[in-house]
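Participant: This is the structure I have questions about; it appears just below.
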Amino acid sequence: MSHLIRFERTGGPEVLQWVEADVSPPAAGEAQVRHHAVGLNYIDTYHRSGLYPLPLPSGLGQEAAGVVEAVGEGVTGLQPGDRVAYAGGPLGAYAELRNIAALHLVKLPDSLSFEQGAAMMLQGLTAQYLLRRTYRVQPGDTILIHAAAGGVGLIVCQWAKALGATVIGTVSSDEKAELARRHGCDHAIVSTREKVSERVRALTGGVGVNVVYDSIGKDTFLDSLACLRPLGMMVSFGNASGPVDAFDLGLLARMGSLFLTRPTLFTYTARREDLLAMAEELFGVVASGQVRITINQRYPLQDAATAHRELEARRTTGSTVLIP
Ligand SMILES: NC(=O)c1ccc[n+]([C@@H]2O[C@H](COP(=O)([O-])OP(=O)(O)OC[C@H]3O[C@@H](n4cnc5c(N)ncnc54)[C@H](OP(=O)(O)O)[C@@H]3O)[C@@H](O)[C@H]2O)c1
């Protein structure tokens, strides 16, 4: 018998249940993975709350690292004992043991711990596509990243800095501002007491930034547009404050022929060759020391509800792992 987190109805963290489950042998194309660490991501709260609807009952979580215990028919290139990590596939990473299609798995380099693997796959691959594909950051660019002291935020700050950008970040407290600065953020704006677009204009001599990476959504969308220079790129990639309201498309023209995209990681990693190339680049910037994976919270997997409460109350910084 092993254990996993399941929920039968959507709602607050209290809907998460720790239950026993039998795990069948892996089917064709699957691997059975013993999780050593599970990643906590903001998207898990959207699934739990019902913002992103799902058939119920459901498992939760899309990121973990562990060891392959068995492989199903037709699986090549993986064997029992291999260290692996993943971000994606069907929900169910909040589990001690699970089966998952082998095509989602990436071999974890020996230099990375299971905790690092679980903390960096989803947030790090997101930073990879945001900075390298959605808007390809160039030396000399100025970027704005919201929630700069969060999981995605700390990785984006460091990576963008290494790419030669000037990094402006938003945070909700002085402590988080200090943390963001220690991770490459040149200017940390405390959004609870400063109007972000005004400060961005001041910092850029009135010009605005090349790109805004906005994961806050509802509360920040319009002000983020006001931070951009003409032909700038608005990347709306999350809804921590709720989904963005409908708006007049003509605004994009009036504010300087702006570009707007609403991307999700799983489009960028849908092709196996893209997943592998993105992971290779991510592992490379971590191995070189350009990006550190900062794990500031650890909870027993069984206490996932506590982790969700802390994340939603904005009390976490950097990445968080759940330990089976
Ligand atoms: N589209 C994609 O492919 C993709 C992939 C991964 C993550 N994301 C998104 O990226 C964002 C960051 O994810 P993460 O896992 O790294 O989380 P996180 O940034 O560690 O945590 C969320 C942060 O958002 C900020 N925030 C602002 N308004 C908030 C509000 N009303 N409620 C709660 N938090 C608020 C808080 O930072 P402050 O207190 O400093 O404001 C909080 O710490 C999430 O929105 C997530 O959905 C999107």
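Chain identifiers are assigned as A, B, and so on, following the order in which chains appear in the structure tokens; residues are numbered from 1 within each chain, and ligands are numbered from 1 in order of appearance.
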Enumerate, as a PDB file with C-alpha atoms, in the first residue's frame, the complete set of residues in range 139-246 of chain A that a backbone-based DSSP assignment places in helix (DSSP H, G or I).

Facilitator:
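Everything below was put into selection-v3.pdb:
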```
ATOM      1  CA  GLY A 151       9.439  30.252  -7.179  1.00  0.00           C
ATOM      2  CA  VAL A 152       9.357  31.264 -10.841  1.00  0.00           C
ATOM      3  CA  GLY A 153      10.399  34.794  -9.875  1.00  0.00           C
ATOM      4  CA  LEU A 154      13.782  34.005  -8.299  1.00  0.00           C
ATOM      5  CA  ILE A 155      14.743  31.783 -11.231  1.00  0.00           C
ATOM      6  CA  VAL A 156      13.684  34.414 -13.799  1.00  0.00           C
ATOM      7  CA  CYS A 157      15.614  37.173 -11.976  1.00  0.00           C
ATOM      8  CA  GLN A 158      18.867  35.194 -11.993  1.00  0.00           C
ATOM      9  CA  TRP A 159      18.530  33.872 -15.525  1.00  0.00           C
ATOM     10  CA  ALA A 160      17.526  37.235 -17.050  1.00  0.00           C
ATOM     11  CA  LYS A 161      20.458  38.884 -15.287  1.00  0.00           C
ATOM     12  CA  ALA A 162      22.808  36.235 -16.712  1.00  0.00           C
ATOM     13  CA  ASP A 174      10.882  44.720   2.072  1.00  0.00           C
ATOM     14  CA  GLU A 175      12.110  41.250   3.064  1.00  0.00           C
ATOM     15  CA  LYS A 176      11.043  39.876  -0.305  1.00  0.00           C
ATOM     16  CA  ALA A 177      12.669  42.887  -2.033  1.00  0.00           C
ATOM     17  CA  GLU A 178      15.971  42.050  -0.343  1.00  0.00           C
ATOM     18  CA  LEU A 179      15.679  38.390  -1.368  1.00  0.00           C
ATOM     19  CA  ALA A 180      14.925  39.328  -5.001  1.00  0.00           C
ATOM     20  CA  ARG A 181      17.932  41.672  -5.060  1.00  0.00           C
ATOM     21  CA  ARG A 182      20.164  38.847  -3.811  1.00  0.00           C
ATOM     22  CA  VAL A 196       4.367  49.888 -10.363  1.00  0.00           C
ATOM     23  CA  SER A 197       3.954  51.611 -13.750  1.00  0.00           C
ATOM     24  CA  GLU A 198       5.006  54.985 -12.332  1.00  0.00           C
ATOM     25  CA  ARG A 199       8.126  53.517 -10.792  1.00  0.00           C
ATOM     26  CA  VAL A 200       8.938  51.579 -13.978  1.00  0.00           C
ATOM     27  CA  ARG A 201       8.614  54.777 -16.041  1.00  0.00           C
ATOM     28  CA  ALA A 202      10.923  56.574 -13.622  1.00  0.00           C
ATOM     29  CA  LEU A 203      13.472  53.737 -13.681  1.00  0.00           C
ATOM     30  CA  PHE A 221      -2.929  43.337 -15.941  1.00  0.00           C
ATOM     31  CA  LEU A 222      -3.776  46.914 -16.971  1.00  0.00           C
ATOM     32  CA  ASP A 223      -0.969  48.517 -14.992  1.00  0.00           C
ATOM     33  CA  SER A 224       1.448  46.001 -16.561  1.00  0.00           C
ATOM     34  CA  LEU A 225       0.444  47.217 -20.038  1.00  0.00           C
TER      35      LEU A 225
END
```

Participant: What are the closest atom pairs, with distances in Å to one decimal, for each residue of range 246-273 of chain A lying within 12 Å of range 210-220 of chain A, using only C-alpha atoms, rows by chain and rising residue number, as CSV?

Facilitator:
```
residue,atom,partner,partner_atom,distance
A:Ala246,CA,A:Lys218,CA,9.9
A:Phe247,CA,A:Lys218,CA,11.1
A:Gly256,CA,A:Asn210,CA,11.9
A:Leu258,CA,A:Val211,CA,9.9
A:Phe259,CA,A:Val211,CA,9.3
A:Leu260,CA,A:Val212,CA,9.8
A:Thr261,CA,A:Tyr213,CA,10.1
A:Arg262,CA,A:Asp214,CA,9.7
A:Pro263,CA,A:Tyr213,CA,10.6
A:Thr264,CA,A:Ser215,CA,11.1
```

Participant: If you keep C-alpha atoms, can you produce a file of those selected residues as a short mmCIF file (atom, residue, chain, number, x, y, z; two decimals), in the first residue's frame?

Facilitator:
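Saved as out.cif:
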```
data_model
loop_
_atom_site.label_atom_id
_atom_site.label_comp_id
_atom_site.auth_asym_id
_atom_site.auth_seq_id
_atom_site.Cartn_x
_atom_site.Cartn_y
_atom_site.Cartn_z
CA ALA A 246 -12.25 40.98 -20.43
CA PHE A 247 -10.83 44.20 -21.91
CA GLY A 256 1.79 51.48 -28.53
CA LEU A 258 1.65 46.10 -27.91
CA PHE A 259 1.96 42.32 -28.25
CA LEU A 260 0.07 40.09 -25.84
CA THR A 261 0.32 36.36 -25.20
CA ARG A 262 -1.19 34.02 -22.58
CA PRO A 263 1.18 31.02 -22.65
CA THR A 264 1.30 27.78 -20.70
#
```

Participant: Where does DSSP see strand (DSSP E) in range 17-105 of chain A, if you list the residues as JSON, numbers by chain?

Facilitator: {"A": [17, 18, 19, 20, 21, 30, 31, 32, 33, 34, 35, 36, 37, 38, 39, 58, 59, 63, 64, 65, 66, 67, 68, 69, 70, 71, 83, 84, 85, 86, 87, 97, 98, 99, 100, 101]}

Participant: Point out the residue among A:Met233, A:Ala226, A:Leu282, A:Ala149 with the least atom-to-atom distance to ligand 1, counting only C-alpha atoms and all ligand atoms.

Facilitator: A:Ala149

Participant: Distance limit 6 Å, reference ligand 1, atoms considered: only C-alpha atoms and all ligand atoms. Which residues make the cut? Give them as a VMD selection string.

Facilitator: chain A and resid 41 to 43 123 126 147 149 to 153 171 to 172 215 to 216 237 to 241 263 to 265 311 to 314 316 to 318

Participant: Keeping only N, CA and C atoms, write those residues as an mmCIF file, in the first residue's frame.

Facilitator:
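The new file result-v8.cif reads:
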```
data_model
loop_
_atom_site.group_PDB
_atom_site.id
_atom_site.type_symbol
_atom_site.label_atom_id
_atom_site.label_comp_id
_atom_site.auth_asym_id
_atom_site.auth_seq_id
_atom_site.Cartn_x
_atom_site.Cartn_y
_atom_site.Cartn_z
ATOM 1 N N ASN A 41 3.445 23.941 -6.681
ATOM 2 C CA ASN A 41 3.313 25.010 -7.669
ATOM 3 C C ASN A 41 1.970 25.698 -7.531
ATOM 4 N N TYR A 42 1.964 26.983 -7.913
ATOM 5 C CA TYR A 42 0.726 27.747 -7.766
ATOM 6 C C TYR A 42 -0.416 27.121 -8.554
ATOM 7 N N ILE A 43 -0.097 26.476 -9.680
ATOM 8 C CA ILE A 43 -1.160 25.864 -10.498
ATOM 9 C C ILE A 43 -1.916 24.790 -9.693
ATOM 10 N N GLN A 123 8.972 25.210 -12.450
ATOM 11 C CA GLN A 123 9.274 26.642 -12.399
ATOM 12 C C GLN A 123 10.458 26.981 -13.313
ATOM 13 N N THR A 126 9.517 26.784 -16.970
ATOM 14 C CA THR A 126 8.706 27.978 -17.260
ATOM 15 C C THR A 126 9.620 29.175 -17.498
ATOM 16 N N ALA A 147 5.979 39.136 -8.844
ATOM 17 C CA ALA A 147 6.243 38.086 -7.850
ATOM 18 C C ALA A 147 7.708 37.641 -7.951
ATOM 19 N N ALA A 149 10.094 37.433 -5.917
ATOM 20 C CA ALA A 149 10.682 36.616 -4.847
ATOM 21 C C ALA A 149 10.041 35.236 -4.761
ATOM 22 N N GLY A 150 9.148 34.913 -5.704
ATOM 23 C CA GLY A 150 8.477 33.608 -5.698
ATOM 24 C C GLY A 150 9.326 32.544 -6.368
ATOM 25 N N GLY A 151 8.719 31.381 -6.592
ATOM 26 C CA GLY A 151 9.439 30.252 -7.179
ATOM 27 C C GLY A 151 9.911 30.571 -8.585
ATOM 28 N N VAL A 152 8.979 30.890 -9.475
ATOM 29 C CA VAL A 152 9.357 31.264 -10.841
ATOM 30 C C VAL A 152 10.193 32.546 -10.790
ATOM 31 N N GLY A 153 9.783 33.467 -9.919
ATOM 32 C CA GLY A 153 10.399 34.794 -9.875
ATOM 33 C C GLY A 153 11.902 34.761 -9.622
ATOM 34 N N VAL A 171 7.370 42.887 -5.620
ATOM 35 C CA VAL A 171 7.249 42.038 -4.430
ATOM 36 C C VAL A 171 6.292 42.764 -3.476
ATOM 37 N N SER A 172 5.872 42.061 -2.396
ATOM 38 C CA SER A 172 4.914 42.697 -1.485
ATOM 39 C C SER A 172 5.534 43.159 -0.166
ATOM 40 N N SER A 215 2.339 37.223 -13.689
ATOM 41 C CA SER A 215 1.655 36.013 -13.230
ATOM 42 C C SER A 215 0.599 36.336 -12.173
ATOM 43 N N ILE A 216 0.380 37.629 -11.934
ATOM 44 C CA ILE A 216 -0.597 38.014 -10.899
ATOM 45 C C ILE A 216 -2.007 38.066 -11.500
ATOM 46 N N PHE A 237 1.009 35.130 -17.685
ATOM 47 C CA PHE A 237 1.193 33.673 -17.569
ATOM 48 C C PHE A 237 0.665 33.090 -16.266
ATOM 49 N N GLY A 238 -0.168 33.851 -15.548
ATOM 50 C CA GLY A 238 -0.719 33.277 -14.316
ATOM 51 C C GLY A 238 -1.817 34.146 -13.744
ATOM 52 N N ASN A 239 -2.473 33.614 -12.713
ATOM 53 C CA ASN A 239 -3.647 34.281 -12.125
ATOM 54 C C ASN A 239 -3.622 34.258 -10.600
ATOM 55 N N ALA A 240 -2.514 34.589 -9.977
ATOM 56 C CA ALA A 240 -2.447 34.481 -8.510
ATOM 57 C C ALA A 240 -3.523 35.334 -7.839
ATOM 58 N N SER A 241 -3.933 36.451 -8.474
ATOM 59 C CA SER A 241 -4.978 37.301 -7.872
ATOM 60 C C SER A 241 -6.346 37.066 -8.520
ATOM 61 N N PRO A 263 0.582 32.341 -22.402
ATOM 62 C CA PRO A 263 1.178 31.024 -22.648
ATOM 63 C C PRO A 263 1.024 30.060 -21.477
ATOM 64 N N THR A 264 1.193 28.789 -21.754
ATOM 65 C CA THR A 264 1.297 27.778 -20.704
ATOM 66 C C THR A 264 2.454 26.831 -21.034
ATOM 67 N N LEU A 265 3.163 26.415 -20.015
ATOM 68 C CA LEU A 265 4.341 25.550 -20.183
ATOM 69 C C LEU A 265 4.034 24.336 -21.041
ATOM 70 N N LEU A 311 1.305 29.168 0.701
ATOM 71 C CA LEU A 311 1.540 29.690 -0.656
ATOM 72 C C LEU A 311 0.490 30.754 -1.013
ATOM 73 N N GLU A 312 -0.773 30.444 -0.729
ATOM 74 C CA GLU A 312 -1.847 31.377 -1.102
ATOM 75 C C GLU A 312 -1.855 32.627 -0.221
ATOM 76 N N ALA A 313 -1.308 32.515 0.990
ATOM 77 C CA ALA A 313 -1.242 33.682 1.878
ATOM 78 C C ALA A 313 0.015 34.510 1.614
ATOM 79 N N ARG A 314 0.767 34.182 0.579
ATOM 80 C CA ARG A 314 1.969 34.904 0.157
ATOM 81 C C ARG A 314 3.062 34.836 1.216
ATOM 82 N N THR A 316 5.268 32.245 1.384
ATOM 83 C CA THR A 316 6.430 31.483 0.921
ATOM 84 C C THR A 316 7.308 32.376 0.050
ATOM 85 N N THR A 317 8.582 32.011 -0.055
ATOM 86 C CA THR A 317 9.483 32.650 -1.011
ATOM 87 C C THR A 317 10.240 31.536 -1.728
ATOM 88 N N GLY A 318 10.734 31.826 -2.918
ATOM 89 C CA GLY A 318 11.455 30.810 -3.676
ATOM 90 C C GLY A 318 10.589 29.580 -3.881
#
```

Participant: Show me, as a PyMOL selection string, the residues that have an atom within 7 Å of range 84-95 of chain A when counting only C-alpha atoms, minus same-chain residues fewer than 6 positions from it.

Facilitator: chain A and resi 3-5+38+59-67+104-108+117-118+121-122+266+301

Participant: Which distance in Å separates CA of Leu228 in chain A and CA of Gly124 in chain A, to one decimal?

Facilitator: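 A separation of 24.5 Å between them.
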
Participant: Taking only C-alpha atoms into account, name the residue in A:Ile293, A:Cys227, A:Ala102, A:Leu125 that is nearest to Ile143 in chain A.

Facilitator: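 Of all the options, A:Cys227 lies closest to Ile143 in chain A.
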
Participant: Nearest to Leu252 in chain A: which of A:Thr267, A:Asn99, A:Pro230, A:Ser24 is it, counting only C-alpha atoms?

Facilitator: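 Among A:Thr267, A:Asn99, A:Pro230, A:Ser24, it is A:Pro230 that comes nearest to Leu252 in chain A.
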
Participant: Can you pull out every residue within 6 Å of Ala188 in chain A, counting only C-alpha atoms, but drop anything in the same chain fewer than 5 positions away, and send it as a ChimeraX atom specification?

Facilitator: /A:168-170,177

Participant: Since we have the selection now, will you write its residues out, keeping N, CA, C and O atoms, as a PDB file, in the first residue's frame?

Facilitator:
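The file below, part-v8.pdb, is the result:
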```pdb
ATOM      1  N   ILE A 168      13.730  44.393 -13.409  1.00  0.00           N
ATOM      2  CA  ILE A 168      12.866  45.076 -12.444  1.00  0.00           C
ATOM      3  C   ILE A 168      11.866  44.027 -11.950  1.00  0.00           C
ATOM      4  O   ILE A 168      11.298  43.281 -12.753  1.00  0.00           O
ATOM      5  N   GLY A 169      11.673  43.963 -10.626  1.00  0.00           N
ATOM      6  CA  GLY A 169      10.748  42.963 -10.085  1.00  0.00           C
ATOM      7  C   GLY A 169       9.761  43.612  -9.140  1.00  0.00           C
ATOM      8  O   GLY A 169      10.030  44.672  -8.573  1.00  0.00           O
ATOM      9  N   THR A 170       8.592  42.975  -8.982  1.00  0.00           N
ATOM     10  CA  THR A 170       7.656  43.436  -7.953  1.00  0.00           C
ATOM     11  C   THR A 170       7.561  42.391  -6.854  1.00  0.00           C
ATOM     12  O   THR A 170       7.669  41.188  -7.105  1.00  0.00           O
ATOM     13  N   ALA A 177      11.868  42.029  -1.146  1.00  0.00           N
ATOM     14  CA  ALA A 177      12.669  42.887  -2.033  1.00  0.00           C
ATOM     15  C   ALA A 177      14.148  42.546  -1.878  1.00  0.00           C
ATOM     16  O   ALA A 177      14.881  42.406  -2.857  1.00  0.00           O
TER      17      ALA A 177
END
```

Participant: Between A:Thr320, A:Met278, A:Gly208, A:Gln302, which has the minimum distance to Glu20 in chain A (counting only C-alpha atoms)?

Facilitator: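 Smallest distance to Glu20 in chain A is found for A:Gln302.
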